[in-house]
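Visitor: Supplied structure: data_34.cif, mmCIF, C-alpha atoms.
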data_final
#
loop_
_atom_site.label_atom_id
_atom_site.label_comp_id
_atom_site.auth_asym_id
_atom_site.auth_seq_id
_atom_site.Cartn_x
_atom_site.Cartn_y
_atom_site.Cartn_z
CA PHE A 1042 0.00 0.00 0.00
CA CYS A 1043 2.94 2.34 0.62
CA TYR A 1044 3.81 2.12 -3.08
CA VAL A 1045 0.26 3.22 -3.91
CA GLY A 1046 0.66 6.22 -1.58
CA ASN A 1047 3.94 7.16 -3.27
CA PHE A 1048 2.42 6.80 -6.73
CA LEU A 1049 -0.58 8.92 -5.71
CA MET A 1050 1.74 11.67 -4.48
CA ILE A 1051 3.64 11.64 -7.78
CA PHE A 1052 0.35 11.64 -9.66
CA PHE A 1053 -0.75 14.72 -7.72
CA LEU A 1054 2.55 16.60 -8.16
CA TYR A 1055 2.89 16.13 -11.88
CA LEU A 1056 -0.67 15.86 -13.18
CA TYR A 1057 -3.06 17.62 -10.77
CA PRO A 1058 -1.00 19.99 -8.58
CA ASN A 1059 -3.96 22.36 -8.14
CA SER A 1060 -6.42 19.76 -6.84
CA VAL A 1061 -7.02 20.52 -3.17
CA VAL A 1062 -9.10 17.35 -2.72
CA LEU A 1063 -6.36 15.11 -4.13
CA PHE A 1064 -3.76 16.86 -2.00
CA GLN A 1065 -5.79 16.31 1.17
CA VAL A 1066 -6.14 12.61 0.34
CA CYS A 1067 -2.36 12.39 -0.26
CA PHE A 1068 -1.73 14.31 2.96
CA SER A 1069 -3.87 11.90 4.96
CA LEU A 1070 -2.30 8.75 3.51
CA SER A 1071 1.28 10.04 3.60
CA THR A 1072 1.16 11.51 7.10
CA GLY A 1073 -0.94 8.67 8.50
CA PRO A 1074 -0.37 5.01 7.54
CA ILE A 1075 2.78 5.57 5.47
CA ALA A 1076 4.58 7.64 8.13
CA ILE A 1077 3.57 5.39 11.03
CA ALA A 1078 4.87 2.42 9.04
CA ILE A 1079 8.30 3.66 10.16
CA LEU A 1080 7.35 2.42 13.62
CA ALA A 1081 5.40 -0.63 12.49
CA TRP A 1082 8.17 -1.94 10.22
CA ARG A 1083 11.08 -0.65 12.34
CA ASN A 1084 12.63 1.31 9.49
CA SER A 1085 16.35 1.97 9.94
CA LEU A 1086 18.40 4.69 8.29
CA VAL A 1087 21.28 2.47 7.17
CA PHE A 1088 23.14 4.08 4.28
CA HIS A 1089 25.10 1.06 3.04
CA SER A 1090 21.99 -1.15 2.75
CA ILE A 1091 19.96 -0.57 -0.43
CA ASP A 1092 17.03 -2.52 1.02
CA LYS A 1093 16.83 -0.52 4.26
CA LEU A 1094 17.51 2.80 2.56
CA THR A 1095 14.81 2.18 -0.07
CA THR A 1096 12.30 1.34 2.67
CA CYS A 1097 13.16 4.59 4.47
CA VAL A 1098 12.70 6.65 1.31
CA ILE A 1099 9.30 5.05 0.62
CA HIS A 1100 8.04 5.86 4.12
CA VAL A 1101 9.84 9.15 4.86
CA LEU A 1102 9.71 11.11 1.61
CA PRO A 1103 5.88 11.35 1.12
CA PRO A 1104 5.24 12.74 4.65
CA LEU A 1105 8.01 15.33 4.19
CA ILE A 1106 6.58 16.39 0.82
CA ALA A 1107 3.10 16.63 2.34
CA PHE A 1108 4.47 18.79 5.18
CA ASN A 1109 6.17 21.23 2.80
CA LEU A 1110 3.17 21.40 0.49
CA ARG A 1111 0.84 22.04 3.42
CA TRP A 1112 2.82 24.77 5.18
CA TYR A 1113 5.07 26.21 2.43
CA PRO A 1114 3.03 25.83 -0.78
CA SER A 1115 4.41 28.84 -2.62
CA GLU A 1116 8.01 27.65 -2.21
CA MET A 1117 7.14 24.14 -3.35
CA THR A 1118 4.86 24.92 -6.29
CA ASN A 1119 5.78 28.46 -7.38
CA GLY A 1120 2.47 29.78 -6.16
CA GLN A 1121 0.35 27.32 -8.16
CA LEU A 1122 -0.95 25.64 -5.03
CA ILE A 1123 -2.05 27.85 -2.15
CA LEU A 1124 -3.73 26.03 0.72
CA GLU A 1125 -4.59 28.60 3.33
CA ASN A 1126 -7.78 27.00 4.56
CA ASN A 1127 -7.06 25.08 7.77
CA ASP A 1128 -10.44 23.38 7.72
CA VAL A 1129 -10.73 19.98 6.06
CA SER A 1130 -13.87 17.88 5.92
CA PHE A 1131 -14.21 14.49 7.57
CA PHE A 1132 -15.12 13.04 4.18
CA ARG A 1133 -11.87 14.16 2.54
CA ILE A 1134 -9.53 13.36 5.40
CA LEU A 1135 -10.92 9.93 6.35
CA VAL A 1136 -13.52 8.54 3.94
CA LEU A 1137 -11.73 9.19 0.65
CA PRO A 1138 -8.37 7.80 1.90
CA LEU A 1139 -10.16 4.66 3.09
CA VAL A 1140 -11.77 4.33 -0.34
CA VAL A 1141 -8.27 4.44 -1.88
CA TYR A 1142 -7.11 1.83 0.60
CA LEU A 1143 -10.07 -0.48 -0.10
CA TYR A 1144 -9.45 -0.17 -3.85
CA TRP A 1145 -5.85 -1.28 -3.32
CA GLN A 1146 -6.84 -4.07 -0.93
CA ILE A 1147 -9.42 -5.54 -3.31
CA SER A 1148 -6.92 -5.34 -6.18
CA TYR A 1149 -4.28 -7.04 -4.03
CA ILE A 1150 -6.60 -9.89 -3.06
CA LEU A 1151 -7.64 -10.42 -6.69
CA LYS A 1152 -3.98 -10.44 -7.73
CA THR A 1153 -2.80 -12.94 -5.11
CA GLU A 1154 -5.91 -15.09 -4.68
CA VAL A 1155 -7.24 -15.23 -8.26
CA THR A 1156 -4.85 -14.08 -10.98
CA ASP A 1157 -1.60 -15.46 -9.53
CA SER A 1158 -2.97 -18.04 -7.09
CA PHE A 1159 -1.63 -21.06 -9.03
CA ARG A 1160 1.78 -19.47 -9.50
CA LEU A 1161 2.05 -18.59 -5.81
CA ARG A 1162 1.06 -22.10 -4.74
CA GLN A 1163 3.64 -23.66 -7.05
CA ASN A 1164 6.48 -21.38 -5.99
CA GLN A 1165 6.71 -20.88 -2.25
CA GLU A 1166 9.76 -18.63 -2.69
CA LEU A 1167 7.63 -15.86 -4.18
CA TRP A 1168 7.09 -13.42 -1.34
CA THR A 1169 3.86 -11.65 -0.54
CA SER A 1170 3.06 -9.53 2.51
CA ALA A 1171 1.13 -12.41 4.06
CA ARG A 1172 3.97 -14.89 3.58
CA TRP A 1173 6.60 -12.54 4.88
CA LEU A 1174 4.60 -11.65 7.99
CA SER A 1175 3.73 -15.30 8.69
CA ARG A 1176 7.37 -16.43 8.41
CA ASN A 1177 9.06 -13.50 10.09
CA THR A 1178 8.61 -14.37 13.75
CA LYS A 1179 9.91 -11.04 15.06
CA GLY A 1180 7.38 -8.52 16.27
CA ILE A 1181 3.79 -8.46 17.43
CA VAL A 1182 2.42 -8.21 13.87
CA HIS A 1183 3.45 -11.80 13.21
CA ASP A 1184 1.59 -13.03 16.31
CA VAL A 1185 -1.55 -11.20 15.22
CA VAL A 1186 -1.66 -12.36 11.59
CA VAL A 1187 -1.03 -16.04 12.40
CA MET A 1188 -3.49 -16.31 15.28
CA ARG A 1189 -5.99 -18.08 12.96
CA GLY A 1190 -3.33 -20.27 11.33
CA GLN A 1191 -0.32 -19.91 9.04
CA GLN A 1192 -2.01 -20.92 5.78
CA ASP A 1193 -1.81 -18.18 3.16
CA GLU A 1194 -5.60 -17.85 2.87
CA LYS A 1195 -6.15 -17.43 6.62
CA VAL A 1196 -3.18 -15.05 6.95
CA ASN A 1197 -4.50 -12.97 4.04
CA HIS A 1198 -7.94 -12.62 5.62
CA THR A 1199 -6.51 -11.71 9.01
CA LEU A 1200 -4.02 -9.31 7.48
CA MET A 1201 -6.75 -7.57 5.50
CA GLY A 1202 -8.71 -6.86 8.70
CA VAL A 1203 -5.60 -5.76 10.59
CA GLN A 1204 -4.55 -3.40 7.80
CA LEU A 1205 -8.02 -1.90 7.55
CA ILE A 1206 -8.05 -1.15 11.29
CA TYR A 1207 -4.46 0.14 11.14
CA THR A 1208 -5.25 2.48 8.22
CA ALA A 1209 -8.42 3.85 9.83
CA VAL A 1210 -6.75 4.42 13.22
CA THR A 1211 -3.65 6.11 11.76
CA ILE A 1212 -5.81 8.46 9.66
CA LEU A 1213 -7.90 9.69 12.60
CA PRO A 1214 -5.37 12.31 13.92
CA MET A 1215 -4.79 13.79 10.45
CA LYS A 1216 -7.39 16.54 10.94
CA LEU A 1217 -5.28 17.83 13.86
CA PHE A 1218 -2.02 17.72 11.93
CA TYR A 1219 -3.63 19.41 8.93
CA ALA A 1220 -4.67 22.34 11.09
CA ASN A 1221 -1.68 22.64 13.46
CA GLN A 1222 1.83 23.11 12.08
CA THR A 1223 3.57 22.64 15.43
CA ALA A 1224 1.86 19.32 16.13
CA HIS A 1225 2.56 18.21 12.58
CA ALA A 1226 6.26 19.13 12.82
CA LEU A 1227 6.74 17.41 16.19
CA TYR A 1228 4.99 14.30 14.90
CA LEU A 1229 7.28 14.02 11.85
CA LEU A 1230 10.33 14.85 13.95
CA PHE A 1231 9.51 11.96 16.26
CA MET A 1232 9.23 9.58 13.28
CA LEU A 1233 12.57 10.73 11.90
CA VAL A 1234 14.28 10.38 15.28
CA VAL A 1235 12.97 6.81 15.59
CA CYS A 1236 14.22 5.99 12.09
CA ILE A 1237 17.68 7.43 12.83
CA HIS A 1238 17.79 5.70 16.23
CA ASN A 1239 17.00 2.35 14.63
CA GLY A 1240 19.78 2.92 12.11
CA ALA A 1241 22.26 3.87 14.84
CA SER A 1242 21.29 0.78 16.85
CA PHE A 1243 21.82 -1.35 13.74
CA TYR A 1244 25.30 0.08 13.21
CA PHE A 1245 26.26 -0.39 16.86
CA ASP A 1246 25.00 -3.95 16.83
CA VAL A 1247 26.57 -4.98 13.53
CA PHE A 1248 29.91 -3.24 13.95
CA SER A 1249 30.29 -4.23 17.60
CA ARG A 1250 29.78 -7.86 16.62
CA LYS A 1251 32.20 -7.44 13.73
CA TYR A 1252 34.78 -5.83 16.04
CA ILE A 1253 34.41 -8.56 18.67
CA HIS A 1254 34.77 -11.19 15.94
CA GLN A 1255 37.94 -9.53 14.64
CA VAL A 1256 39.43 -9.30 18.15
CA MET A 1257 38.64 -12.96 18.84
CA MET A 1258 40.12 -14.03 15.48
CA LYS A 1259 43.25 -11.97 16.15
CA SER A 1260 43.60 -13.50 19.64
CA LYS A 1261 43.17 -16.97 18.15
CA GLU A 1262 45.79 -16.29 15.49
CA GLU A 1263 48.24 -14.97 18.10
CA GLU A 1264 47.62 -18.03 20.27
CA GLU A 1265 48.18 -20.39 17.34
CA GLU A 1266 51.33 -18.48 16.38
CA ALA A 1267 52.67 -18.74 19.95
CA ILE A 1268 51.97 -22.50 20.01
CA ALA A 1269 53.70 -22.92 16.65
CA LYS A 1270 56.78 -21.03 17.90
CA SER A 1271 56.85 -23.12 21.06
CA GLU A 1272 56.70 -26.36 19.07
CA SER A 1273 59.41 -25.09 16.71
CA ARG A 1274 61.68 -24.22 19.68
CA LYS A 1275 61.22 -27.70 21.18
CA ASN A 1276 62.05 -29.38 17.88
CA SER A 1277 65.22 -27.28 17.44
CA VAL A 1278 66.75 -28.42 20.79
CA ALA A 1279 65.68 -32.09 20.61
CA PRO A 1280 68.55 -34.67 20.02
CA SER A 1281 68.90 -36.29 16.62
CA PRO A 1282 67.71 -39.91 16.32
CA GLY A 1283 70.45 -42.55 16.87
CA ILE A 1284 72.76 -40.31 18.88
CA THR A 1285 72.98 -40.87 22.65
CA PRO A 1286 74.29 -37.97 24.68
CA ASN A 1287 77.45 -38.76 26.79
CA THR A 1288 76.20 -37.97 30.25
CA SER A 1289 79.16 -39.68 32.03
CA PHE A 1290 81.94 -37.60 30.43
CA CYS A 1291 82.28 -35.18 33.28
CA GLY A 1292 82.26 -37.96 35.85
CA ASP A 1293 84.84 -40.04 33.99
CA LYS A 1294 87.10 -37.03 33.58
CA ALA A 1295 86.86 -36.30 37.27
CA THR A 1296 87.79 -39.95 38.07
CA ASN A 1297 90.84 -39.87 35.80
CA ASN A 1298 92.08 -36.73 37.45
CA VAL A 1299 91.89 -38.36 40.86
CA GLU A 1300 93.93 -41.38 39.73
#
As a first step, turn the structure in this file into structure tokens.
Guide:
Amino acid sequence: FCYVGNFLMIFFLYLYPNSVVLFQVCFSLSTGPIAIAILAWRNSLVFHSIDKLTTCVIHVLPPLIAFNLRWYPSEMTNGQLILENNDVSFFRILVLPLVVYLYWQISYILKTEVTDSFRLRQNQELWTSARWLSRNTKGIVHDVVVMRGQQDEKVNHTLMGVQLIYTAVTILPMKLFYANQTAHALYLLFMLVVCIHNGASFYFDVFSRKYIHQVMMKSKEEEEEAIAKSESRKNSVAPSPGITPNTSFCGDKATNNVE
């Protein structure tokens, strides 16, 4: 669904930049379910990972664009889009975004359960949202979607209900954020801080493990090198085979001197 939200924002920017209704729908979807997905999916700002960085862009960029369009429209659109009215109807901010969501959800179910159902059954390595959530055991979302079973059909039905509730709940505060710039800014700042914190935690975790591994490997190599040197030293002072050391020479010499 996040891809649909991104596409809708692009559609608005390039084709209908003067449509206030379309902007308000984009604002609601971008600032609501797409932005809060940063928390739900634990997005991490990790620059060397294309996968993690792409996920951050998908969830961070639309809310930032919506913020700038809402509060600085002249700078963003050269005066073509001026949104000075702080009032937004319940129909535009909640009903229309849910209609967009339901359109995507029905299309998704038709795609996975009808059009590509045979292909998905034959190839279990093809990933869908339901399969990924049912197999990824980390997080509370997994526990929720598999509570009725881990079969794809049951997970799909549960996931559809969970996503509908999630979308509706995350859209509810959008009327406040649309009318209050301070609340909107603090909300987005919190999301960005969480994203950066997750990335920092990832780096600390990965690089600390890598550092500990390198230290342990270096210690092991030094230990093996010390053992090899010790063995080499022992071999260098050991007597050659077939030669018996004359341990009585000193004693014999002492006896001859006495006589």
Visitor: Around the point (-1.4, 6.3, 10.7) (coordinates from the file), which residues reach within 7 Å if we count only C-alpha atoms? Answer as a ChimeraX atom specification.
Guide: /A:1072-1077,1207-1208,1210-1212
Visitor: List the neighbours of range 1236-1249 of chain A out to 10 Å using all atoms listed in the file; skip same-chain residues closer than 4 positions along the sequence, and give me the result as a compact mmCIF listing (two decimals) with C-alpha atoms, keeping the file's coordinate frame.
Guide:
# COMPACT_ATOMS: atom_id res chain seq x y z
CA ILE A 1079 8.30 3.66 10.16
CA LEU A 1080 7.35 2.42 13.62
CA ARG A 1083 11.08 -0.65 12.34
CA ASN A 1084 12.63 1.31 9.49
CA SER A 1085 16.35 1.97 9.94
CA LEU A 1086 18.40 4.69 8.29
CA VAL A 1087 21.28 2.47 7.17
CA PHE A 1088 23.14 4.08 4.28
CA LYS A 1093 16.83 -0.52 4.26
CA LEU A 1094 17.51 2.80 2.56
CA CYS A 1097 13.16 4.59 4.47
CA VAL A 1101 9.84 9.15 4.86
CA LEU A 1230 10.33 14.85 13.95
CA PHE A 1231 9.51 11.96 16.26
CA MET A 1232 9.23 9.58 13.28
CA ILE A 1253 34.41 -8.56 18.67
CA HIS A 1254 34.77 -11.19 15.94
CA GLN A 1255 37.94 -9.53 14.64
Visitor: What separation in Å, quoted to one decimal, exists between CA of Val1203 in chain A and CA of Leu1233 in chain A?
Guide: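 Between CA of Val1203 in chain A and CA of Leu1233 in chain A the gap works out to 24.6 Å.
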Visitor: Residue by residue, what does the PyMOL selection byres ((chain A and resi 1216-1221) around 7) grab here? Present the result as a PDB file with C-alpha atoms, keeping the file's coordinate frame.
Guide:
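Now in result.pdb:
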ATOM      1  CA  ASN A1127      -7.060  25.080   7.770  1.00  0.00           C
ATOM      2  CA  ASP A1128     -10.440  23.380   7.720  1.00  0.00           C
ATOM      3  CA  VAL A1129     -10.730  19.980   6.060  1.00  0.00           C
ATOM      4  CA  ILE A1134      -9.530  13.360   5.400  1.00  0.00           C
ATOM      5  CA  PRO A1214      -5.370  12.310  13.920  1.00  0.00           C
ATOM      6  CA  MET A1215      -4.790  13.790  10.450  1.00  0.00           C
ATOM      7  CA  GLN A1222       1.830  23.110  12.080  1.00  0.00           C
ATOM      8  CA  THR A1223       3.570  22.640  15.430  1.00  0.00           C
ATOM      9  CA  ALA A1224       1.860  19.320  16.130  1.00  0.00           C
ATOM     10  CA  HIS A1225       2.560  18.210  12.580  1.00  0.00           C
TER      11      HIS A1225
END
Visitor: Could you give me the centre and size, in Å to one decimal, of an axis-aligned box around all listed atoms of range 1043-1053 of chain A with 8 Å added on every side, as lines of an AutoDock Vina configuration file?
Guide:
center_x = 1.6
center_y = 8.4
center_z = -4.5
size_x = 20.7
size_y = 28.6
size_z = 26.3
Visitor: Here is a test: counting only C-alpha atoms, which residue of A:Val1045, A:Ala1226, A:Val1234, A:Leu1105 is nearest to Gln1146 in chain A?
Guide: A:Val1045
Visitor: Identify which of the residues A:Leu1200, A:Ala1081, A:Leu1110, A:Cys1067 lies closest to Leu1137 in chain A, counting only C-alpha atoms when measuring atom-to-atom distances.
Guide: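 Closest candidate: A:Cys1067.
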Visitor: CA of Asn1059 in chain A to CA of Arg1111 in chain A: how many Å, to one decimal?
Guide: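 These two atoms are separated by 12.5 Å.
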Visitor: Can you work out the spacing between CA of Phe1053 in chain A and CA of Phe1131 in chain A in Å, to one decimal?
Guide: 20.4 Å
Visitor: Determine, counting all atoms listed in the file, which protein, DNA and RNA residues have an atom within 10 Å of an atom of Asn1047 in chain A; residues of the same chain fewer than 3 positions away are not included. Present the result as a list in words.
Guide: Phe1042, Cys1043, Tyr1044, Met1050, Ile1051, Phe1052, Phe1053, Cys1067, Leu1070, Ser1071, Ile1075, Val1098, Ile1099, His1100, Leu1102, Pro1103 and Pro1104 of chain A
Visitor: Between A:Trp1145, A:Trp1082, A:Phe1132, A:Phe1108, which has the minimum distance to Val1235 in chain A (counting only C-alpha atoms)?
Guide: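 Among the listed residues, A:Trp1082 lies closest to Val1235 in chain A.
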Visitor: With all atoms listed in the file as the basis for distance, which of A:Ile1268, A:Met1201, A:Pro1114, A:Leu1056 is at the shortest distance from Ser1148 in chain A?
Guide: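 Counting all atoms listed in the file, the residue closest to Ser1148 in chain A is A:Met1201.
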